[in-house]
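Chemist: My structure file entry_23.cif, mmCIF, C-alpha atoms, is below:
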```
data_data
#
loop_
_atom_site.label_atom_id
_atom_site.label_comp_id
_atom_site.auth_asym_id
_atom_site.auth_seq_id
_atom_site.Cartn_x
_atom_site.Cartn_y
_atom_site.Cartn_z
CA MET Q 1 111.92 82.93 113.17
CA ASN Q 2 108.79 83.96 115.04
CA HIS Q 3 108.03 85.34 118.48
CA TYR Q 4 104.44 84.76 119.58
CA ARG Q 5 102.51 86.98 121.99
CA PHE Q 6 98.89 86.67 123.01
CA SER Q 7 96.64 89.32 124.54
CA HIS Q 8 92.86 89.49 124.55
CA LYS Q 9 92.50 87.16 121.59
CA MET Q 10 95.17 89.10 119.70
CA THR Q 11 98.27 87.39 118.34
CA ILE Q 12 101.46 88.92 117.03
CA GLN Q 13 104.48 87.36 115.31
CA ILE Q 14 107.74 89.28 115.06
CA ASN Q 15 110.82 88.40 113.05
CA PRO Q 16 113.57 88.56 115.73
CA ALA Q 17 115.89 90.36 113.31
CA PHE Q 18 113.62 93.41 113.57
CA SER Q 19 112.45 93.25 117.19
CA ARG Q 20 114.82 96.01 118.34
CA ILE Q 21 113.91 98.56 115.68
CA LEU Q 22 110.21 97.85 116.14
CA ALA Q 23 110.46 98.28 119.91
CA ARG Q 24 112.37 101.55 119.53
CA ASN Q 25 109.56 102.89 117.33
CA GLU Q 26 106.78 101.59 119.62
CA LEU Q 27 105.69 98.99 117.08
CA ASP Q 28 106.05 95.96 119.30
CA SER Q 29 102.42 95.31 120.33
CA PHE Q 30 99.24 94.60 118.43
CA GLU Q 31 97.42 97.57 119.91
CA LYS Q 32 100.20 100.03 119.10
CA ILE Q 33 100.58 98.81 115.53
CA MET Q 34 96.85 99.04 114.85
CA HIS Q 35 96.52 102.53 116.33
CA ILE Q 36 99.80 104.33 115.79
CA GLU Q 37 99.75 107.38 113.52
CA LEU Q 38 103.10 107.06 111.80
CA GLY Q 39 104.49 107.08 108.29
CA SER Q 40 103.32 108.24 104.87
CA LYS Q 41 99.99 107.02 103.60
CA MET Q 42 100.49 105.09 100.34
CA ARG Q 43 97.06 103.60 99.67
CA GLU Q 44 93.72 103.55 101.42
CA VAL Q 45 90.52 101.74 100.52
CA PRO Q 46 87.63 100.73 102.77
CA GLY Q 47 89.05 98.19 105.21
CA ARG Q 48 92.70 98.46 104.16
CA LEU Q 49 95.40 101.05 104.75
CA THR Q 50 99.03 100.87 103.59
CA VAL Q 51 101.65 103.26 104.97
CA ARG Q 52 105.37 103.68 104.40
CA LEU Q 53 107.47 103.70 107.55
CA ASP Q 54 110.94 105.23 107.69
CA LEU Q 55 112.18 103.96 111.04
CA GLY Q 56 115.79 105.15 111.05
CA GLU Q 57 119.04 103.32 110.38
CA GLY Q 58 118.26 103.71 106.69
CA GLU Q 59 115.45 101.17 106.99
CA THR Q 60 112.10 101.51 105.22
CA PHE Q 61 109.10 99.30 105.88
CA TYR Q 62 105.49 99.02 104.79
CA LEU Q 63 102.61 98.51 107.20
CA LYS Q 64 99.36 97.14 105.83
CA ARG Q 65 96.35 97.20 108.18
CA HIS Q 66 93.15 95.26 107.49
CA THR Q 67 90.00 96.33 109.32
CA TYR Q 68 86.22 96.07 109.13
CA PRO Q 69 84.39 96.12 106.67
CA ASN Q 70 87.10 94.19 104.80
CA ALA Q 71 85.77 90.63 104.63
CA ASP Q 72 89.34 89.39 104.97
CA ALA Q 73 90.14 91.67 107.89
CA LYS Q 74 91.25 89.00 110.36
CA LYS Q 75 93.16 86.79 107.93
CA GLY Q 76 94.68 89.28 105.49
CA GLY Q 77 97.94 89.98 107.34
CA PRO Q 78 98.76 86.42 108.46
CA ARG Q 79 97.82 85.02 105.06
CA GLU Q 80 100.26 87.32 103.25
CA TRP Q 81 102.95 86.46 105.83
CA LYS Q 82 102.40 82.76 105.12
CA ASN Q 83 102.49 83.36 101.37
CA ILE Q 84 105.78 85.24 101.66
CA LEU Q 85 107.35 82.35 103.54
CA SER Q 86 106.05 79.78 101.02
CA LEU Q 87 107.21 81.77 98.01
CA SER Q 88 110.61 82.46 99.55
CA ALA Q 89 111.05 78.73 100.20
CA ALA Q 90 110.28 78.14 96.52
CA GLY Q 91 113.00 80.59 95.45
CA ILE Q 92 110.73 83.52 94.55
CA LEU Q 93 112.09 86.85 95.79
CA CYS Q 94 109.62 88.64 98.08
CA PRO Q 95 109.61 91.40 100.69
CA GLU Q 96 111.21 90.31 103.95
CA PRO Q 97 108.50 89.64 106.58
CA VAL Q 98 108.89 91.77 109.71
CA ALA Q 99 105.72 91.28 111.79
CA THR Q 100 102.11 90.20 111.51
CA GLY Q 101 99.15 89.85 113.83
CA SER Q 102 95.41 89.32 113.99
CA GLY Q 103 92.65 89.71 116.50
CA ASN Q 104 89.58 91.71 117.46
CA MET Q 105 89.46 95.33 118.50
CA ARG Q 106 86.25 96.93 119.71
CA GLY Q 107 84.48 93.76 118.67
CA LYS Q 108 85.66 93.95 115.04
CA PRO Q 109 88.17 91.62 113.35
CA CYS Q 110 91.45 93.11 112.16
CA SER Q 111 95.01 92.18 111.21
CA PHE Q 112 98.25 93.71 109.99
CA LEU Q 113 101.46 92.93 108.14
CA ILE Q 114 104.79 94.77 108.22
CA THR Q 115 107.37 94.03 105.54
CA ARG Q 116 110.77 95.43 104.72
CA ALA Q 117 110.80 97.55 101.55
CA VAL Q 118 112.22 95.77 98.52
CA PRO Q 119 114.96 97.50 96.53
CA GLY Q 120 114.46 99.16 93.18
CA MET Q 121 111.33 100.34 91.41
CA PRO Q 122 108.10 98.88 89.97
CA LEU Q 123 108.72 97.03 86.72
CA ASP Q 124 106.21 99.05 84.71
CA ALA Q 125 107.90 102.30 85.76
CA TYR Q 126 111.32 100.80 85.00
CA LEU Q 127 110.26 99.68 81.52
CA ARG Q 128 108.70 103.04 80.78
CA SER Q 129 111.79 104.94 81.91
CA ARG Q 130 114.19 102.90 79.75
CA TYR Q 131 112.21 101.60 76.79
CA ALA Q 132 109.56 104.20 75.98
CA LYS Q 133 109.01 104.65 72.28
CA PRO Q 134 110.91 105.58 70.24
CA ILE Q 135 113.43 103.26 71.84
CA ALA Q 136 117.12 103.99 71.43
CA PRO Q 137 118.82 101.35 69.23
CA HIS Q 138 121.38 100.43 71.90
CA ARG Q 139 118.51 99.53 74.25
CA LEU Q 140 116.95 96.89 71.99
CA VAL Q 141 119.24 94.00 72.91
CA GLU Q 142 118.96 94.94 76.59
CA LYS Q 143 115.17 95.03 76.35
CA ARG Q 144 114.96 91.62 74.68
CA THR Q 145 117.21 90.13 77.35
CA LEU Q 146 114.95 91.55 80.05
CA ILE Q 147 111.85 90.12 78.33
CA ARG Q 148 113.49 86.70 78.25
CA GLU Q 149 114.34 86.93 81.95
CA LEU Q 150 110.84 88.14 82.81
CA ALA Q 151 109.33 85.21 80.89
CA ALA Q 152 111.54 82.78 82.82
CA PHE Q 153 110.52 84.42 86.10
CA ALA Q 154 106.78 84.18 85.32
CA ARG Q 155 107.17 80.58 84.17
CA ARG Q 156 109.08 79.63 87.34
CA PHE Q 157 106.40 81.26 89.49
CA HIS Q 158 103.65 79.24 87.82
CA VAL Q 159 105.63 76.00 87.65
CA THR Q 160 105.93 76.10 91.45
CA GLY Q 161 102.12 75.86 91.50
CA PHE Q 162 101.40 79.45 92.55
CA HIS Q 163 99.19 82.07 90.96
CA HIS Q 164 99.03 85.70 92.04
CA LYS Q 165 95.57 87.01 90.99
CA ASP Q 166 97.06 90.54 90.68
CA PHE Q 167 100.07 89.76 88.51
CA TYR Q 168 100.53 93.30 87.23
CA LEU Q 169 103.94 94.69 86.33
CA GLY Q 170 103.50 97.21 89.14
CA HIS Q 171 103.63 94.31 91.61
CA MET Q 172 107.08 93.26 90.37
CA TYR Q 173 110.15 95.23 91.42
CA VAL Q 174 113.50 95.52 89.67
CA PRO Q 175 116.54 96.17 91.88
CA PRO Q 176 118.72 99.13 90.83
CA GLN Q 177 121.50 97.30 89.03
CA ASP Q 178 122.65 97.25 85.42
CA GLY Q 179 124.25 93.82 85.44
CA PRO Q 180 123.59 91.10 82.87
CA ASP Q 181 120.96 89.35 85.01
CA LYS Q 182 117.80 90.99 86.27
CA ARG Q 183 116.10 89.72 89.40
CA PHE Q 184 112.46 90.39 90.08
CA TYR Q 185 110.81 90.80 93.47
CA LEU Q 186 107.11 90.01 93.79
CA ILE Q 187 104.95 92.12 96.12
CA ASP Q 188 101.30 92.42 97.21
CA LEU Q 189 101.00 88.73 98.00
CA GLN Q 190 97.81 88.56 100.03
CA ARG Q 191 95.81 86.81 97.29
CA VAL Q 192 98.54 84.40 96.14
CA ASP Q 193 97.27 80.84 96.11
CA ARG Q 194 97.94 77.35 94.86
CA ALA Q 195 95.08 75.77 92.94
CA ARG Q 196 94.63 72.06 92.45
CA PHE Q 197 91.87 72.61 89.92
CA PHE Q 198 91.15 75.20 87.22
CA ARG Q 199 94.83 76.15 87.09
CA ARG Q 200 94.63 77.29 83.48
CA ARG Q 201 92.00 79.85 84.45
CA TRP Q 202 94.33 81.44 87.02
CA ILE Q 203 97.36 81.31 84.72
CA VAL Q 204 95.37 83.08 82.02
CA LYS Q 205 94.31 85.71 84.57
CA ASP Q 206 97.92 86.29 85.64
CA LEU Q 207 99.21 86.55 82.08
CA ALA Q 208 96.34 88.85 81.12
CA ALA Q 209 97.19 91.14 84.04
CA MET Q 210 100.78 91.31 82.81
CA ASN Q 211 99.59 91.98 79.27
CA TYR Q 212 97.19 94.71 80.39
CA SER Q 213 99.83 96.49 82.46
CA ALA Q 214 102.40 96.30 79.63
CA THR Q 215 101.13 99.49 78.03
CA THR Q 216 101.76 100.39 74.41
CA ASP Q 217 104.12 103.24 75.24
CA PHE Q 218 106.86 100.68 75.95
CA ALA Q 219 105.52 97.26 74.84
CA THR Q 220 105.07 96.22 71.21
CA THR Q 221 103.22 93.26 69.71
CA CYS Q 222 106.60 91.64 69.03
CA ASP Q 223 107.57 92.15 72.69
CA ARG Q 224 104.41 90.38 73.82
CA LEU Q 225 104.96 87.49 71.43
CA ARG Q 226 108.60 87.18 72.45
CA PHE Q 227 107.55 87.05 76.11
CA LEU Q 228 104.92 84.36 75.52
CA LEU Q 229 107.24 82.15 73.49
CA GLY Q 230 109.83 82.46 76.24
CA TYR Q 231 107.22 81.70 78.90
CA LEU Q 232 106.08 78.58 77.01
CA GLY Q 233 109.63 77.53 76.15
CA THR Q 234 108.86 77.10 72.46
CA PRO Q 235 110.46 78.73 69.39
CA ARG Q 236 107.20 79.12 67.47
CA LEU Q 237 103.47 79.30 67.90
CA THR Q 238 101.50 76.07 68.08
CA PRO Q 239 97.73 75.49 67.99
CA SER Q 240 97.80 75.23 71.78
CA SER Q 241 99.73 78.47 72.24
CA LYS Q 242 97.38 80.25 69.83
CA ARG Q 243 94.43 79.16 71.95
CA LEU Q 244 96.24 80.48 75.01
CA ILE Q 245 96.83 83.83 73.30
CA ARG Q 246 93.14 84.15 72.45
CA ALA Q 247 92.19 83.37 76.06
CA ILE Q 248 94.71 85.95 77.35
CA LEU Q 249 93.38 88.61 74.97
CA ARG Q 250 89.78 87.96 76.01
CA LYS Q 251 90.70 88.22 79.68
CA THR Q 252 92.79 91.34 79.03
CA GLU Q 253 89.76 93.01 77.50
CA ARG Q 254 87.62 92.07 80.50
CA ILE Q 255 90.25 93.56 82.82
CA ARG Q 256 90.30 96.73 80.74
CA LYS Q 257 86.51 97.10 80.92
CA HIS Q 258 86.52 96.37 84.64
CA ASP Q 259 89.23 99.00 85.18
CA LEU Q 260 87.25 101.58 83.21
CA ASN Q 261 84.17 100.90 85.32
CA LEU Q 262 86.19 101.34 88.52
CA GLN Q 263 87.65 104.60 87.23
CA LYS Q 264 84.14 105.88 86.45
CA ARG Q 265 83.12 105.04 90.01
CA ASN Q 266 86.41 106.48 91.30
CA LEU Q 267 87.35 103.22 93.02
CA PRO Q 268 90.77 101.54 93.27
CA ARG Q 269 91.47 98.40 91.26
#
```
As a first step, turn the structure in this file into structure tokens.
Modeler:
Amino acid sequence: MNHYRFSHKMTIQINPAFSRILARNELDSFEKIMHIELGSKMREVPGRLTVRLDLGEGETFYLKRHTYPNADAKKGGPREWKNILSLSAAGILCPEPVATGSGNMRGKPCSFLITRAVPGMPLDAYLRSRYAKPIAPHRLVEKRTLIRELAAFARRFHVTGFHHKDFYLGHMYVPPQDGPDKRFYLIDLQRVDRARFFRRRWIVKDLAAMNYSATTDFATTCDRLRFLLGYLGTPRLTPSSKRLIRAILRKTERIRKHDLNLQKRNLPR
């Protein structure tokens, strides 16, 4: 799948399926990708910039650049590339990897990742657009089916041994189809990991992130309970599941307080 190029301690890997469109847009070298002024800025924080690239032929991509002072500047792009490949092999839908690279520029570590845009819209926006209160009666069955499918998706993700660390609904995408089965794409995969120890801690963190991002304008207490029972594969609460709920609620509250502090400091989550 990969083409490797080396130049001045810089490496670049390109998915051959996209080599032509990258070359045509002058995105076929490490230096060009790290310097080119192209696309629409989507998110910028110290040491990380994400831009949307519309490169013609109806193709949209996302370029994420990691630079100093980001502590993960040199490994961020290749790590997310590796995570995408591992998750895809496990049957989890992810953005298609296009190119990645790492190296040093002007004596500072840096890296990048380009991925193909996934179809559809963020799950939180989708849920809000279809199931905002008061929900139309004909949407109830549809909503409960989606909750069941989302629970199965989250369970499958964790059963494979992965945890996300930013498992918010905004990092799950729903393709634009109204069929009986919903498929979910997972994005923003730089921090995905597999833990041999303390797995419950990371599972609680993931489920708390989902719970926090399921805002009350479209998610009810019954929705949350229905999701958790589906995730656990049990028809009723048990002492163990009640302990899990308490742990999720405690972590949700910590996330909420942390988010409020970031908002006060005007920093991104």
Chemist: Taking the file as I've supplied it (selection: the PyMOL selection byres ((chain Q and resi 203) around 12)), which residues are included? Please answer as an NGL selection string.
Modeler: :Q and (154-155 or 157-159 or 161-167 or 192-195 or 197-202 or 204-210 or 231-232 or 244-245 or 247-248 or 251)
Chemist: Near Tyr126 of chain Q, within 12 Å and counting only C-alpha atoms, which residues show up once chain neighbours fewer than 3 positions away are dropped, as a list in words?
Modeler: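 With the cut-off at 12 Å, the set is Gly120, Met121, Pro122, Leu123, Ser129, Arg130, Tyr131, Ala132, Lys143, Leu146, Leu169, Gly170, Met172, Tyr173, Val174, Pro175, Pro176, Gln177, Asp178, Lys182, Phe184, Ala214 and Phe218 of chain Q.
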Chemist: Using only C-alpha atoms and a cutoff of 10 Å, can you tell me which residues are near (112.6, 90.3, 116.4) in the file's coordinates, and write them out as JSON, numbers by chain?
Modeler: {"Q": [1, 2, 3, 13, 14, 15, 16, 17, 18, 19, 20, 21, 22, 23, 28, 98, 99]}
Chemist: If you measure from atom CA of Thr234 of chain Q to atom CA of Ile147 of chain Q, what distance in Å do you get, rounded to one decimal?
Modeler: 14.6 Å
Chemist: Restricting the calculation to only C-alpha atoms: of Q:Met105, Q:Met42, Q:Ile187, Q:Ala90, which residue gets closest to Met10 of chain Q?
Modeler: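 For Met10 of chain Q, the nearest of the given residues is Q:Met105.
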Chemist: Find the spatial neighbours of Val51 of chain Q, counting only C-alpha atoms, within a cut-off of 9 Å - ignore same-chain residues fewer than 6 positions away - and output them as a count of residues only.
Modeler: 12
Chemist: Near Arg128 of chain Q, counting all atoms listed in the file, which residues have an atom at most 9 Å away, once you skip same-chain residues fewer than 6 positions from it, shown as a ChimeraX atom specification?
Modeler: /Q:215,217-219
Chemist: I'd like to see the residues matched by the PyMOL selection byres ((chain Q and resi 47) around 6) on this file, and ideally I'd get them as a PyMOL selection string.
Modeler: chain Q and resi 46+48+66-70
Chemist: For the PyMOL selection byres ((chain Q and resi 29) around 12), applied here, can you spell out every residue it catches as a PyMOL selection string?
Modeler: chain Q and resi 3-8+10-14+19+22-28+30-36+99-103+112
Chemist: Between atom CA of Leu249 of chain Q and atom CA of Leu87 of chain Q, measure the distance and give it in Å to one decimal.
Modeler: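 For atom CA of Leu249 of chain Q relative to atom CA of Leu87 of chain Q, the distance reads 27.7 Å.
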Chemist: Box for segment 99-108 of chain Q: with edges along x, y and z, all listed atoms inside and 6 Å added on each side, what are the centre and edge lengths in Å to one decimal, as JSON?
Modeler:
```
{"center_x": 95.1, "center_y": 93.1, "center_z": 115.6, "size_x": 33.2, "size_y": 19.6, "size_z": 20.2}
```
Chemist: For Pro95 of chain Q, which residue among Q:Thr216, Q:Asn83, Q:Asn266, Q:Asn261 is the nearest when counting all atoms listed in the file?
Modeler: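 Among the listed residues, the smallest separation from Pro95 of chain Q belongs to Q:Asn83.
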Chemist: Between atom CA of Lys108 of chain Q and atom CA of Ala73 of chain Q, what is the distance in Å, rounded to a tenth?
Modeler: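 For atom CA of Lys108 of chain Q relative to atom CA of Ala73 of chain Q, the distance reads 8.7 Å.
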Chemist: Counting only C-alpha atoms, which residue out of Q:Arg148, Q:Lys74, Q:Arg183, Q:Arg196 sits closest to Gly233 of chain Q?
Modeler: Q:Arg148
Chemist: Rank Q:Thr220, Q:Val45, Q:Gly107, Q:Trp81 by their smallest atom-to-atom distance to Lys9 of chain Q, using all atoms listed in the file, and report the top residue only.
Modeler: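 The shortest atom-to-atom distance to Lys9 of chain Q comes from Q:Gly107.
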Chemist: Choose the residue, out of Q:Glu37, Q:Glu149, Q:Glu142, Q:Glu253, that has the smallest atom-to-atom separation from Arg52 of chain Q; count only C-alpha atoms.
Modeler: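 For Arg52 of chain Q, the nearest of the given residues is Q:Glu37.
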